[in-house]
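Here's model-v7.pdb, which has PDB, C-alpha atoms:
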```
ATOM      1  CA  MET A 847     173.146  41.388 123.338
ATOM      2  CA  SER A 848     174.220  43.932 125.901
ATOM      3  CA  LYS A 849     174.507  41.691 128.910
ATOM      4  CA  ASN A 850     175.964  44.440 131.065
ATOM      5  CA  SER A 851     172.959  46.683 130.602
ATOM      6  CA  PRO A 852     171.244  47.340 133.944
ATOM      7  CA  ALA A 853     167.931  47.988 132.189
ATOM      8  CA  LEU A 854     168.178  44.758 130.197
ATOM      9  CA  LYS A 855     168.674  42.744 133.380
ATOM     10  CA  ILE A 856     165.469  44.219 134.797
ATOM     11  CA  ALA A 857     163.601  43.688 131.516
ATOM     12  CA  LEU A 858     164.710  40.061 131.339
ATOM     13  CA  ALA A 859     163.697  39.453 134.951
ATOM     14  CA  TYR A 860     160.249  40.805 134.090
ATOM     15  CA  HIS A 861     160.056  38.788 130.854
ATOM     16  CA  GLU A 862     161.141  35.496 132.424
ATOM     17  CA  ALA A 863     158.574  35.745 135.195
ATOM     18  CA  TRP A 864     155.871  36.806 132.700
ATOM     19  CA  LYS A 865     156.748  33.881 130.423
ATOM     20  CA  ASN A 866     156.512  31.469 133.360
ATOM     21  CA  HIS A 867     153.010  32.600 134.315
ATOM     22  CA  ASP A 868     154.335  34.295 137.411
ATOM     23  CA  HIS A 869     153.340  37.894 136.816
ATOM     24  CA  ALA A 870     153.281  38.536 140.561
ATOM     25  CA  THR A 871     157.063  38.057 140.520
ATOM     26  CA  ALA A 872     157.349  40.185 137.389
ATOM     27  CA  MET A 873     155.620  43.015 139.268
ATOM     28  CA  LYS A 874     158.502  43.162 141.752
ATOM     29  CA  VAL A 875     160.499  45.134 139.160
ATOM     30  CA  VAL A 876     157.603  47.370 138.089
ATOM     31  CA  ALA A 877     157.034  50.890 139.420
ATOM     32  CA  ASP A 878     153.606  51.697 140.874
ATOM     33  CA  ASN A 879     153.060  54.444 138.318
ATOM     34  CA  VAL A 880     154.057  52.351 135.286
ATOM     35  CA  THR A 881     152.378  53.185 131.997
ATOM     36  CA  SER A 882     152.009  50.597 129.266
ATOM     37  CA  GLU A 883     151.193  51.224 125.613
ATOM     38  CA  THR A 884     149.648  48.138 123.991
ATOM     39  CA  PRO A 885     147.783  47.295 120.771
ATOM     40  CA  PHE A 886     144.624  47.119 122.911
ATOM     41  CA  GLY A 887     145.144  50.574 124.418
ATOM     42  CA  ARG A 888     146.959  52.365 127.186
ATOM     43  CA  ILE A 889     147.286  50.807 130.647
ATOM     44  CA  GLU A 890     147.900  53.150 133.589
ATOM     45  CA  GLY A 891     149.455  51.895 136.800
ATOM     46  CA  ALA A 892     150.833  48.681 138.218
ATOM     47  CA  LYS A 893     147.474  47.280 139.346
ATOM     48  CA  ALA A 894     145.931  47.609 135.894
ATOM     49  CA  LEU A 895     149.014  46.097 134.247
ATOM     50  CA  HIS A 896     148.959  43.138 136.591
ATOM     51  CA  GLU A 897     145.252  42.537 135.988
ATOM     52  CA  SER A 898     145.752  42.716 132.229
ATOM     53  CA  GLU A 899     148.686  40.287 132.215
ATOM     54  CA  THR A 900     147.000  37.921 134.644
ATOM     55  CA  GLY A 901     144.139  37.734 132.161
ATOM     56  CA  PHE A 902     146.494  37.223 129.220
ATOM     57  CA  ALA A 903     148.317  34.431 131.061
ATOM     58  CA  ARG A 904     145.305  32.195 130.443
ATOM     59  CA  MET A 905     146.201  32.059 126.744
ATOM     60  CA  LEU A 906     149.989  32.187 127.181
ATOM     61  CA  LYS A 907     152.009  29.026 126.579
ATOM     62  CA  GLY A 908     155.516  30.485 126.506
ATOM     63  CA  ALA A 909     157.936  32.618 124.551
ATOM     64  CA  THR A 910     161.085  32.238 122.462
ATOM     65  CA  MET A 911     163.559  35.119 122.531
ATOM     66  CA  VAL A 912     164.865  36.432 119.207
ATOM     67  CA  ALA A 913     166.877  39.441 120.379
ATOM     68  CA  ALA A 914     167.464  41.407 123.570
ATOM     69  CA  TYR A 915     169.279  44.713 123.831
ATOM     70  CA  GLY A 916     169.669  47.358 126.463
ATOM     71  CA  ASP A 917     171.573  50.295 127.785
ATOM     72  CA  ASP A 918     171.581  52.090 131.155
ATOM     73  CA  THR A 919     167.911  53.042 131.181
ATOM     74  CA  THR A 920     166.146  51.235 128.338
ATOM     75  CA  ALA A 921     165.823  47.720 126.933
ATOM     76  CA  LEU A 922     164.166  46.246 123.862
ATOM     77  CA  LEU A 923     163.143  42.605 123.504
ATOM     78  CA  LEU A 924     161.962  40.792 120.372
ATOM     79  CA  TYR A 925     160.416  37.356 120.809
ATOM     80  CA  TYR A 926     157.780  34.951 119.628
ATOM     81  CA  THR A 927     154.882  34.657 122.042
ATOM     82  CA  HIS A 928     153.318  31.196 122.029
ATOM     83  CA  THR A 929     149.611  31.219 122.806
ATOM     84  CA  HIS A 930     146.853  28.644 122.844
ATOM     85  CA  PRO A 931     144.903  30.312 120.003
ATOM     86  CA  VAL A 932     147.976  31.298 117.892
ATOM     87  CA  PRO A 933     151.156  29.201 118.099
ATOM     88  CA  SER A 934     153.691  31.951 117.387
ATOM     89  CA  VAL A 935     153.200  35.727 117.508
ATOM     90  CA  LEU A 936     156.165  38.010 116.833
ATOM     91  CA  SER A 937     156.245  40.491 119.703
ATOM     92  CA  ALA A 938     158.388  43.362 120.964
ATOM     93  CA  LYS A 939     158.535  45.088 124.302
ATOM     94  CA  TYR A 940     160.419  48.273 125.043
ATOM     95  CA  PHE A 941     161.155  49.079 128.682
ATOM     96  CA  THR A 942     162.193  52.280 130.409
ATOM     97  CA  VAL A 943     163.812  51.649 133.795
ATOM     98  CA  GLU A 944     164.371  54.151 136.584
ATOM     99  CA  ASN A 945     165.909  53.295 139.958
ATOM    100  CA  GLY A 946     165.660  49.582 139.236
ATOM    101  CA  LYS A 947     161.955  49.639 138.367
ATOM    102  CA  ILE A 948     160.140  49.591 135.047
ATOM    103  CA  THR A 949     158.332  52.903 134.577
ATOM    104  CA  SER A 950     157.049  52.438 131.047
ATOM    105  CA  ILE A 951     156.448  49.629 128.575
ATOM    106  CA  LYS A 952     155.610  49.778 124.893
ATOM    107  CA  ALA A 953     154.200  46.402 123.853
ATOM    108  CA  LEU A 954     153.905  45.586 120.171
ATOM    109  CA  PHE A 955     152.329  42.691 118.281
ATOM    110  CA  ASP A 956     149.921  42.271 115.415
ATOM    111  CA  LYS A 957     146.644  41.923 117.277
ATOM    112  CA  SER A 958     144.811  40.963 114.078
ATOM    113  CA  VAL A 959     146.238  37.440 114.416
ATOM    114  CA  PHE A 960     143.879  37.009 117.369
ATOM    115  CA  GLY A 961     140.922  37.799 115.143
ATOM    116  CA  THR A 962     140.411  41.236 116.652
ATOM    117  CA  LYS A 963     140.645  44.621 114.998
TER     118      LYS A 963
ATOM    119  CA  MET B  36     172.220  52.921 121.580
ATOM    120  CA  SER B  37     175.149  50.926 120.320
ATOM    121  CA  LYS B  38     176.581  53.399 117.870
ATOM    122  CA  ASN B  39     179.636  51.258 117.183
ATOM    123  CA  SER B  40     177.575  48.327 115.963
ATOM    124  CA  PRO B  41     178.387  47.519 112.322
ATOM    125  CA  ALA B  42     174.932  45.980 111.838
ATOM    126  CA  LEU B  43     173.199  49.010 113.341
ATOM    127  CA  LYS B  44     174.978  51.333 110.915
ATOM    128  CA  ILE B  45     173.681  49.250 108.003
ATOM    129  CA  ALA B  46     170.180  49.069 109.491
ATOM    130  CA  LEU B  47     170.078  52.834 110.012
ATOM    131  CA  ALA B  48     171.282  53.471 106.461
ATOM    132  CA  TYR B  49     168.417  51.280 105.238
ATOM    133  CA  HIS B  50     165.895  52.927 107.571
ATOM    134  CA  GLU B  51     166.880  56.506 106.689
ATOM    135  CA  ALA B  52     166.578  55.880 102.956
ATOM    136  CA  TRP B  53     163.270  54.028 103.456
ATOM    137  CA  LYS B  54     161.924  56.880 105.587
ATOM    138  CA  ASN B  55     162.889  59.388 102.908
ATOM    139  CA  HIS B  56     161.003  57.531 100.156
ATOM    140  CA  ASP B  57     164.263  56.456  98.566
ATOM    141  CA  HIS B  58     163.991  52.687  98.760
ATOM    142  CA  ALA B  59     166.294  52.352  95.744
ATOM    143  CA  THR B  60     169.085  53.700  97.956
ATOM    144  CA  ALA B  61     167.963  51.457 100.825
ATOM    145  CA  MET B  62     168.404  48.468  98.516
ATOM    146  CA  LYS B  63     172.132  49.201  98.228
ATOM    147  CA  VAL B  64     172.611  47.562 101.637
ATOM    148  CA  VAL B  65     170.276  44.624 100.982
ATOM    149  CA  ALA B  66     171.431  41.176  99.832
ATOM    150  CA  ASP B  67     169.821  39.714  96.711
ATOM    151  CA  ASN B  68     168.556  36.711  98.663
ATOM    152  CA  VAL B  69     167.047  38.740 101.528
ATOM    153  CA  THR B  70     164.014  37.276 103.250
ATOM    154  CA  SER B  71     161.517  39.482 105.035
ATOM    155  CA  GLU B  72     158.881  38.389 107.531
ATOM    156  CA  THR B  73     156.013  40.887 107.697
ATOM    157  CA  PRO B  74     152.469  41.007 109.134
ATOM    158  CA  PHE B  75     151.244  40.600 105.546
ATOM    159  CA  GLY B  76     153.347  37.509 104.891
ATOM    160  CA  ARG B  77     156.806  36.419 103.866
ATOM    161  CA  ILE B  78     158.720  38.274 101.152
ATOM    162  CA  GLU B  79     161.477  36.382  99.328
ATOM    163  CA  GLY B  80     164.290  38.215  97.559
ATOM    164  CA  ALA B  81     165.420  41.768  96.980
ATOM    165  CA  LYS B  82     163.148  42.429  93.988
ATOM    166  CA  ALA B  83     160.004  41.476  95.883
ATOM    167  CA  LEU B  84     161.060  43.532  98.907
ATOM    168  CA  HIS B  85     161.711  46.563  96.741
ATOM    169  CA  GLU B  86     158.340  46.228  95.019
ATOM    170  CA  SER B  87     156.553  45.873  98.356
ATOM    171  CA  GLU B  88     158.242  48.915  99.908
ATOM    172  CA  THR B  89     157.798  51.002  96.775
ATOM    173  CA  GLY B  90     154.088  50.311  97.068
ATOM    174  CA  PHE B  91     154.059  51.120 100.789
ATOM    175  CA  ALA B  92     155.904  54.406 100.156
ATOM    176  CA  ARG B  93     152.689  55.836  98.704
ATOM    177  CA  MET B  94     151.149  55.875 102.200
ATOM    178  CA  LEU B  95     154.386  56.671 104.095
ATOM    179  CA  LYS B  96     154.826  60.169 105.513
ATOM    180  CA  GLY B  97     157.859  59.569 107.747
ATOM    181  CA  ALA B  98     159.093  57.927 110.916
ATOM    182  CA  THR B  99     160.211  58.874 114.423
ATOM    183  CA  MET B 100     162.839  56.670 116.042
ATOM    184  CA  VAL B 101     162.214  55.450 119.600
ATOM    185  CA  ALA B 102     165.172  53.099 120.072
ATOM    186  CA  ALA B 103     167.957  51.581 118.003
ATOM    187  CA  TYR B 104     170.285  48.827 119.129
ATOM    188  CA  GLY B 105     172.765  46.581 117.431
ATOM    189  CA  ASP B 106     175.718  44.268 117.707
ATOM    190  CA  ASP B 107     178.119  42.799 115.144
ATOM    191  CA  THR B 108     175.523  41.008 113.033
ATOM    192  CA  THR B 109     172.057  42.121 114.144
ATOM    193  CA  ALA B 110     170.155  45.333 114.813
ATOM    194  CA  LEU B 111     166.727  46.139 116.196
ATOM    195  CA  LEU B 112     164.858  49.401 115.603
ATOM    196  CA  LEU B 113     161.677  50.634 117.282
ATOM    197  CA  TYR B 114     159.926  53.634 115.760
ATOM    198  CA  TYR B 115     156.622  55.243 114.960
ATOM    199  CA  THR B 116     155.731  55.036 111.299
ATOM    200  CA  HIS B 117     153.692  58.019 110.115
ATOM    201  CA  THR B 118     151.286  57.179 107.310
ATOM    202  CA  HIS B 119     148.556  59.027 105.469
ATOM    203  CA  PRO B 120     145.781  56.723 106.742
ATOM    204  CA  VAL B 121     147.148  56.322 110.313
ATOM    205  CA  PRO B 122     149.246  59.133 111.860
ATOM    206  CA  SER B 123     151.437  57.006 114.129
ATOM    207  CA  VAL B 124     152.017  53.242 114.050
ATOM    208  CA  LEU B 125     154.455  51.676 116.517
ATOM    209  CA  SER B 126     156.797  49.523 114.438
ATOM    210  CA  ALA B 127     159.860  47.341 114.912
ATOM    211  CA  LYS B 128     162.359  45.967 112.437
ATOM    212  CA  TYR B 129     164.995  43.377 113.198
ATOM    213  CA  PHE B 130     167.887  43.059 110.767
ATOM    214  CA  THR B 131     170.465  40.340 110.233
ATOM    215  CA  VAL B 132     173.557  41.596 108.419
ATOM    216  CA  GLU B 133     176.230  39.517 106.683
ATOM    217  CA  ASN B 134     179.198  40.972 104.805
ATOM    218  CA  GLY B 135     177.722  44.453 104.943
ATOM    219  CA  LYS B 136     174.344  43.468 103.482
ATOM    220  CA  ILE B 137     170.974  42.813 105.081
ATOM    221  CA  THR B 138     170.074  39.155 104.651
ATOM    222  CA  SER B 139     166.896  39.023 106.709
ATOM    223  CA  ILE B 140     164.311  41.402 108.126
ATOM    224  CA  LYS B 141     161.546  40.779 110.619
ATOM    225  CA  ALA B 142     159.046  43.634 110.358
ATOM    226  CA  LEU B 143     156.458  44.077 113.089
ATOM    227  CA  PHE B 144     153.439  46.354 113.451
ATOM    228  CA  ASP B 145     149.783  45.956 114.302
ATOM    229  CA  LYS B 146     148.278  45.669 110.862
ATOM    230  CA  SER B 147     144.750  45.910 112.282
ATOM    231  CA  VAL B 148     145.213  49.683 112.578
ATOM    232  CA  PHE B 149     145.004  49.793 108.784
ATOM    233  CA  GLY B 150     141.602  48.137 108.934
ATOM    234  CA  THR B 151     142.894  44.790 107.684
ATOM    235  CA  LYS B 152     142.883  41.464 109.429
TER     236      LYS B 152
END
```
Could I get this structure in the form of structure tokens?
Amino acid sequence: MSKNSPALKIALAYHEAWKNHDHATAMKVVADNVTSETPFGRIEGAKALHESETGFARMLKGATMVAAYGDDTTALLLYYTHTHPVPSVLSAKYFTVENGKITSIKALFDKSVFGTK
Amino acid sequence: MSKNSPALKIALAYHEAWKNHDHATAMKVVADNVTSETPFGRIEGAKALHESETGFARMLKGATMVAAYGDDTTALLLYYTHTHPVPSVLSAKYFTVENGKITSIKALFDKSVFGTK
């Protein structure tokens, strides 16, 4: 773990708030023009990201961190997402941070476990 | 990137050989009792891992690294896997390294892009 990474601190602040069903707090470290690449498609902008995650929060139970790394401008988290339909979903998120705000996210999980394709 | 990470050096040696369709060379840094968690299930032991990756190599065209991090005993890679059926598949691999050999791998991608569920 690179605990002195500025980007990792931002990523973990986002992740902790997200995990605790407080995506409004998570958004405090997200840039307005954030872009997010997800298994369900590309999400453009902070408003769309917040709407998407607010919807997802209904199935979210929590998360267990496996690994967290970062450097000055990027961070990469690996964790199990716990959801109501699927107890444990291995997940990764890669963050790019500029001026203390997240400007891009790549979110990765196997969406087939949710019965979608 | 944590270029001085011993585990990252091992992980990158594995990844480079894997990417170049030379999984026999990749196996040189893998412990006999390696366990691998993949979207298609758990793989136990070096022989089974080698057989699985040798099969996968038939659809593998290459890979483009996005991020690579590591510390003394673990490493996490994020990359796009280029395959014949699907041009670009966001993928992560998390490695645990002991005594210079990979003892566990968590492999993550959205297997639904291959039309499986």
Original post:
Can you tell me, as a ChimeraX atom specification, what residues are no more than 12 Å from range 899-910 of chain A when counting all atoms listed in the file, ignoring any on the same chain fewer than 5 positions away?
Top reply: /A:860-873,882,884,886,889,892-894,923-938,953,960
Can you show chain A as a PDB file with C-alpha atoms, in the coordinates of the input once it has been least-squares superposed onto chain B, using every C-alpha atom paired in order?
```pdb
ATOM      1  CA  MET A 847     172.213  52.919 121.519  1.00  0.00           C
ATOM      2  CA  SER A 848     175.151  50.909 120.285  1.00  0.00           C
ATOM      3  CA  LYS A 849     176.613  53.384 117.857  1.00  0.00           C
ATOM      4  CA  ASN A 850     179.656  51.234 117.192  1.00  0.00           C
ATOM      5  CA  SER A 851     177.588  48.317 115.972  1.00  0.00           C
ATOM      6  CA  PRO A 852     178.380  47.539 112.324  1.00  0.00           C
ATOM      7  CA  ALA A 853     174.938  45.992 111.840  1.00  0.00           C
ATOM      8  CA  LEU A 854     173.196  49.022 113.338  1.00  0.00           C
ATOM      9  CA  LYS A 855     174.975  51.340 110.910  1.00  0.00           C
ATOM     10  CA  ILE A 856     173.676  49.267 108.000  1.00  0.00           C
ATOM     11  CA  ALA A 857     170.177  49.083 109.502  1.00  0.00           C
ATOM     12  CA  LEU A 858     170.075  52.843 110.014  1.00  0.00           C
ATOM     13  CA  ALA A 859     171.270  53.477 106.463  1.00  0.00           C
ATOM     14  CA  TYR A 860     168.416  51.287 105.234  1.00  0.00           C
ATOM     15  CA  HIS A 861     165.888  52.941 107.570  1.00  0.00           C
ATOM     16  CA  GLU A 862     166.873  56.509 106.687  1.00  0.00           C
ATOM     17  CA  ALA A 863     166.574  55.880 102.966  1.00  0.00           C
ATOM     18  CA  TRP A 864     163.267  54.019 103.469  1.00  0.00           C
ATOM     19  CA  LYS A 865     161.916  56.880 105.590  1.00  0.00           C
ATOM     20  CA  ASN A 866     162.891  59.391 102.899  1.00  0.00           C
ATOM     21  CA  HIS A 867     161.009  57.545 100.159  1.00  0.00           C
ATOM     22  CA  ASP A 868     164.255  56.459  98.577  1.00  0.00           C
ATOM     23  CA  HIS A 869     163.985  52.692  98.751  1.00  0.00           C
ATOM     24  CA  ALA A 870     166.292  52.350  95.751  1.00  0.00           C
ATOM     25  CA  THR A 871     169.081  53.703  97.970  1.00  0.00           C
ATOM     26  CA  ALA A 872     167.964  51.463 100.825  1.00  0.00           C
ATOM     27  CA  MET A 873     168.399  48.462  98.516  1.00  0.00           C
ATOM     28  CA  LYS A 874     172.124  49.194  98.221  1.00  0.00           C
ATOM     29  CA  VAL A 875     172.611  47.551 101.636  1.00  0.00           C
ATOM     30  CA  VAL A 876     170.269  44.618 100.970  1.00  0.00           C
ATOM     31  CA  ALA A 877     171.442  41.179  99.837  1.00  0.00           C
ATOM     32  CA  ASP A 878     169.834  39.703  96.714  1.00  0.00           C
ATOM     33  CA  ASN A 879     168.558  36.713  98.665  1.00  0.00           C
ATOM     34  CA  VAL A 880     167.053  38.737 101.529  1.00  0.00           C
ATOM     35  CA  THR A 881     164.018  37.275 103.255  1.00  0.00           C
ATOM     36  CA  SER A 882     161.516  39.480 105.036  1.00  0.00           C
ATOM     37  CA  GLU A 883     158.885  38.393 107.546  1.00  0.00           C
ATOM     38  CA  THR A 884     156.008  40.890 107.704  1.00  0.00           C
ATOM     39  CA  PRO A 885     152.473  41.014 109.135  1.00  0.00           C
ATOM     40  CA  PHE A 886     151.245  40.608 105.541  1.00  0.00           C
ATOM     41  CA  GLY A 887     153.349  37.502 104.902  1.00  0.00           C
ATOM     42  CA  ARG A 888     156.803  36.413 103.879  1.00  0.00           C
ATOM     43  CA  ILE A 889     158.722  38.271 101.164  1.00  0.00           C
ATOM     44  CA  GLU A 890     161.480  36.378  99.338  1.00  0.00           C
ATOM     45  CA  GLY A 891     164.274  38.213  97.569  1.00  0.00           C
ATOM     46  CA  ALA A 892     165.415  41.762  96.988  1.00  0.00           C
ATOM     47  CA  LYS A 893     163.149  42.416  93.996  1.00  0.00           C
ATOM     48  CA  ALA A 894     160.003  41.462  95.893  1.00  0.00           C
ATOM     49  CA  LEU A 895     161.064  43.524  98.914  1.00  0.00           C
ATOM     50  CA  HIS A 896     161.700  46.561  96.765  1.00  0.00           C
ATOM     51  CA  GLU A 897     158.336  46.222  95.024  1.00  0.00           C
ATOM     52  CA  SER A 898     156.555  45.871  98.359  1.00  0.00           C
ATOM     53  CA  GLU A 899     158.244  48.915  99.906  1.00  0.00           C
ATOM     54  CA  THR A 900     157.808  51.000  96.775  1.00  0.00           C
ATOM     55  CA  GLY A 901     154.091  50.311  97.077  1.00  0.00           C
ATOM     56  CA  PHE A 902     154.064  51.130 100.790  1.00  0.00           C
ATOM     57  CA  ALA A 903     155.897  54.409 100.162  1.00  0.00           C
ATOM     58  CA  ARG A 904     152.676  55.816  98.715  1.00  0.00           C
ATOM     59  CA  MET A 905     151.163  55.868 102.210  1.00  0.00           C
ATOM     60  CA  LEU A 906     154.381  56.672 104.095  1.00  0.00           C
ATOM     61  CA  LYS A 907     154.844  60.163 105.521  1.00  0.00           C
ATOM     62  CA  GLY A 908     157.859  59.571 107.755  1.00  0.00           C
ATOM     63  CA  ALA A 909     159.086  57.922 110.918  1.00  0.00           C
ATOM     64  CA  THR A 910     160.205  58.868 114.422  1.00  0.00           C
ATOM     65  CA  MET A 911     162.840  56.667 116.045  1.00  0.00           C
ATOM     66  CA  VAL A 912     162.207  55.442 119.591  1.00  0.00           C
ATOM     67  CA  ALA A 913     165.163  53.094 120.065  1.00  0.00           C
ATOM     68  CA  ALA A 914     167.957  51.579 117.993  1.00  0.00           C
ATOM     69  CA  TYR A 915     170.295  48.825 119.108  1.00  0.00           C
ATOM     70  CA  GLY A 916     172.768  46.562 117.423  1.00  0.00           C
ATOM     71  CA  ASP A 917     175.712  44.270 117.707  1.00  0.00           C
ATOM     72  CA  ASP A 918     178.123  42.798 115.138  1.00  0.00           C
ATOM     73  CA  THR A 919     175.523  41.012 113.033  1.00  0.00           C
ATOM     74  CA  THR A 920     172.060  42.123 114.144  1.00  0.00           C
ATOM     75  CA  ALA A 921     170.154  45.341 114.812  1.00  0.00           C
ATOM     76  CA  LEU A 922     166.719  46.137 116.196  1.00  0.00           C
ATOM     77  CA  LEU A 923     164.857  49.394 115.599  1.00  0.00           C
ATOM     78  CA  LEU A 924     161.674  50.625 117.286  1.00  0.00           C
ATOM     79  CA  TYR A 925     159.924  53.623 115.758  1.00  0.00           C
ATOM     80  CA  TYR A 926     156.622  55.238 114.972  1.00  0.00           C
ATOM     81  CA  THR A 927     155.729  55.029 111.301  1.00  0.00           C
ATOM     82  CA  HIS A 928     153.694  58.012 110.123  1.00  0.00           C
ATOM     83  CA  THR A 929     151.288  57.177 107.320  1.00  0.00           C
ATOM     84  CA  HIS A 930     148.568  59.023 105.468  1.00  0.00           C
ATOM     85  CA  PRO A 931     145.783  56.725 106.738  1.00  0.00           C
ATOM     86  CA  VAL A 932     147.153  56.328 110.321  1.00  0.00           C
ATOM     87  CA  PRO A 933     149.240  59.126 111.861  1.00  0.00           C
ATOM     88  CA  SER A 934     151.433  57.004 114.139  1.00  0.00           C
ATOM     89  CA  VAL A 935     152.015  53.240 114.047  1.00  0.00           C
ATOM     90  CA  LEU A 936     154.452  51.675 116.511  1.00  0.00           C
ATOM     91  CA  SER A 937     156.786  49.516 114.440  1.00  0.00           C
ATOM     92  CA  ALA A 938     159.864  47.340 114.908  1.00  0.00           C
ATOM     93  CA  LYS A 939     162.347  45.965 112.441  1.00  0.00           C
ATOM     94  CA  TYR A 940     164.992  43.382 113.200  1.00  0.00           C
ATOM     95  CA  PHE A 941     167.891  43.061 110.765  1.00  0.00           C
ATOM     96  CA  THR A 942     170.465  40.341 110.234  1.00  0.00           C
ATOM     97  CA  VAL A 943     173.559  41.600 108.410  1.00  0.00           C
ATOM     98  CA  GLU A 944     176.222  39.528 106.688  1.00  0.00           C
ATOM     99  CA  ASN A 945     179.193  40.985 104.809  1.00  0.00           C
ATOM    100  CA  GLY A 946     177.699  44.466 104.955  1.00  0.00           C
ATOM    101  CA  LYS A 947     174.335  43.469 103.481  1.00  0.00           C
ATOM    102  CA  ILE A 948     170.968  42.826 105.083  1.00  0.00           C
ATOM    103  CA  THR A 949     170.075  39.155 104.656  1.00  0.00           C
ATOM    104  CA  SER A 950     166.897  39.025 106.708  1.00  0.00           C
ATOM    105  CA  ILE A 951     164.316  41.410 108.127  1.00  0.00           C
ATOM    106  CA  LYS A 952     161.538  40.779 110.610  1.00  0.00           C
ATOM    107  CA  ALA A 953     159.039  43.635 110.356  1.00  0.00           C
ATOM    108  CA  LEU A 954     156.454  44.066 113.084  1.00  0.00           C
ATOM    109  CA  PHE A 955     153.440  46.350 113.454  1.00  0.00           C
ATOM    110  CA  ASP A 956     149.793  45.964 114.313  1.00  0.00           C
ATOM    111  CA  LYS A 957     148.269  45.674 110.860  1.00  0.00           C
ATOM    112  CA  SER A 958     144.744  45.920 112.284  1.00  0.00           C
ATOM    113  CA  VAL A 959     145.215  49.696 112.576  1.00  0.00           C
ATOM    114  CA  PHE A 960     145.024  49.789 108.778  1.00  0.00           C
ATOM    115  CA  GLY A 961     141.614  48.152 108.894  1.00  0.00           C
ATOM    116  CA  THR A 962     142.917  44.821 107.646  1.00  0.00           C
ATOM    117  CA  LYS A 963     142.925  41.467 109.378  1.00  0.00           C
TER     118      LYS A 963
END
```
Subject >> Selection result of the ChimeraX specification (/A :<10) & /B on this file, as a PyMOL selection string >> reply: chain B and resi 36-37+72-74+101-107+109-113+124-129+141-152
**OP:** Could you check how far CA of Val943 in chain A sits from CA of Thr919 in chain A, in Å to one decimal?
**Re:**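 CA of Thr919 in chain A lies 5.1 Å from CA of Val943 in chain A.
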Mind giving me the axis-aligned box for range 38-48 of chain B with 3 Å on every side, centre plus edges in Å to one decimal, as JSON?
```
{"center_x": 174.9, "center_y": 49.7, "center_z": 112.2, "size_x": 15.6, "size_y": 13.5, "size_z": 17.4}
```
Give me the residues near range 855-857 of chain A as a PDB file with C-alpha atoms, keeping the file's coordinate frame, where near means some atom within 8 Å (using all atoms listed in the file) and where sequence neighbours in that chain fewer than 6 positions away do not count.
```
ATOM      1  CA  LYS A 849     174.507  41.691 128.910  1.00  0.00           C
ATOM      2  CA  VAL A 875     160.499  45.134 139.160  1.00  0.00           C
ATOM      3  CA  ALA A 921     165.823  47.720 126.933  1.00  0.00           C
ATOM      4  CA  PHE A 941     161.155  49.079 128.682  1.00  0.00           C
ATOM      5  CA  VAL A 943     163.812  51.649 133.795  1.00  0.00           C
ATOM      6  CA  GLY A 946     165.660  49.582 139.236  1.00  0.00           C
ATOM      7  CA  LYS A 947     161.955  49.639 138.367  1.00  0.00           C
ATOM      8  CA  ILE A 948     160.140  49.591 135.047  1.00  0.00           C
TER       9      ILE A 948
END
```
**OP:** Could you please determine the separation between CA of Ala66 in chain B and CA of Met100 in chain B in Å, to one decimal place?
**Re:**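 Rounded to one decimal, the two atoms are 24.0 Å apart.
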**OP:** Provide the CA of Asn850 in chain A to CA of Thr131 in chain B distance in Å, to one decimal place.
**Re:** 21.9 Å
Pull range 852-862 of chain A out of the block and emit N, CA and C atoms, as a JSON list (two decimals), in the first residue's frame.
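That gives us result-v9.json:
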```
[["chain", "number", "residue", "atom", "x", "y", "z"],
["A", 852, "PRO", "N", -1.05, 10.85, -2.81],
["A", 852, "PRO", "CA", -2.18, 11.79, -2.77],
["A", 852, "PRO", "C", -3.41, 11.25, -3.50],
["A", 853, "ALA", "N", -3.20, 10.59, -4.63],
["A", 853, "ALA", "CA", -4.34, 10.07, -5.38],
["A", 853, "ALA", "C", -5.04, 8.94, -4.63],
["A", 854, "LEU", "N", -4.26, 8.12, -3.92],
["A", 854, "LEU", "CA", -4.87, 7.03, -3.16],
["A", 854, "LEU", "C", -5.74, 7.58, -2.03],
["A", 855, "LYS", "N", -5.30, 8.64, -1.40],
["A", 855, "LYS", "CA", -6.12, 9.23, -0.32],
["A", 855, "LYS", "C", -7.48, 9.67, -0.86],
["A", 856, "ILE", "N", -7.47, 10.30, -2.02],
["A", 856, "ILE", "CA", -8.72, 10.74, -2.65],
["A", 856, "ILE", "C", -9.57, 9.53, -3.03],
["A", 857, "ALA", "N", -8.93, 8.52, -3.62],
["A", 857, "ALA", "CA", -9.66, 7.32, -4.04],
["A", 857, "ALA", "C", -10.30, 6.62, -2.84],
["A", 858, "LEU", "N", -9.56, 6.55, -1.74],
["A", 858, "LEU", "CA", -10.10, 5.89, -0.55],
["A", 858, "LEU", "C", -11.23, 6.70, 0.08],
["A", 859, "ALA", "N", -11.12, 8.01, 0.02],
["A", 859, "ALA", "CA", -12.22, 8.85, 0.53],
["A", 859, "ALA", "C", -13.48, 8.59, -0.28],
["A", 860, "TYR", "N", -13.32, 8.52, -1.60],
["A", 860, "TYR", "CA", -14.45, 8.20, -2.47],
["A", 860, "TYR", "C", -15.02, 6.83, -2.13],
["A", 861, "HIS", "N", -14.13, 5.83, -2.06],
["A", 861, "HIS", "CA", -14.54, 4.44, -1.83],
["A", 861, "HIS", "C", -15.28, 4.27, -0.49],
["A", 862, "GLU", "N", -14.73, 4.88, 0.55],
["A", 862, "GLU", "CA", -15.34, 4.74, 1.88],
["A", 862, "GLU", "C", -16.76, 5.31, 1.90]]
```
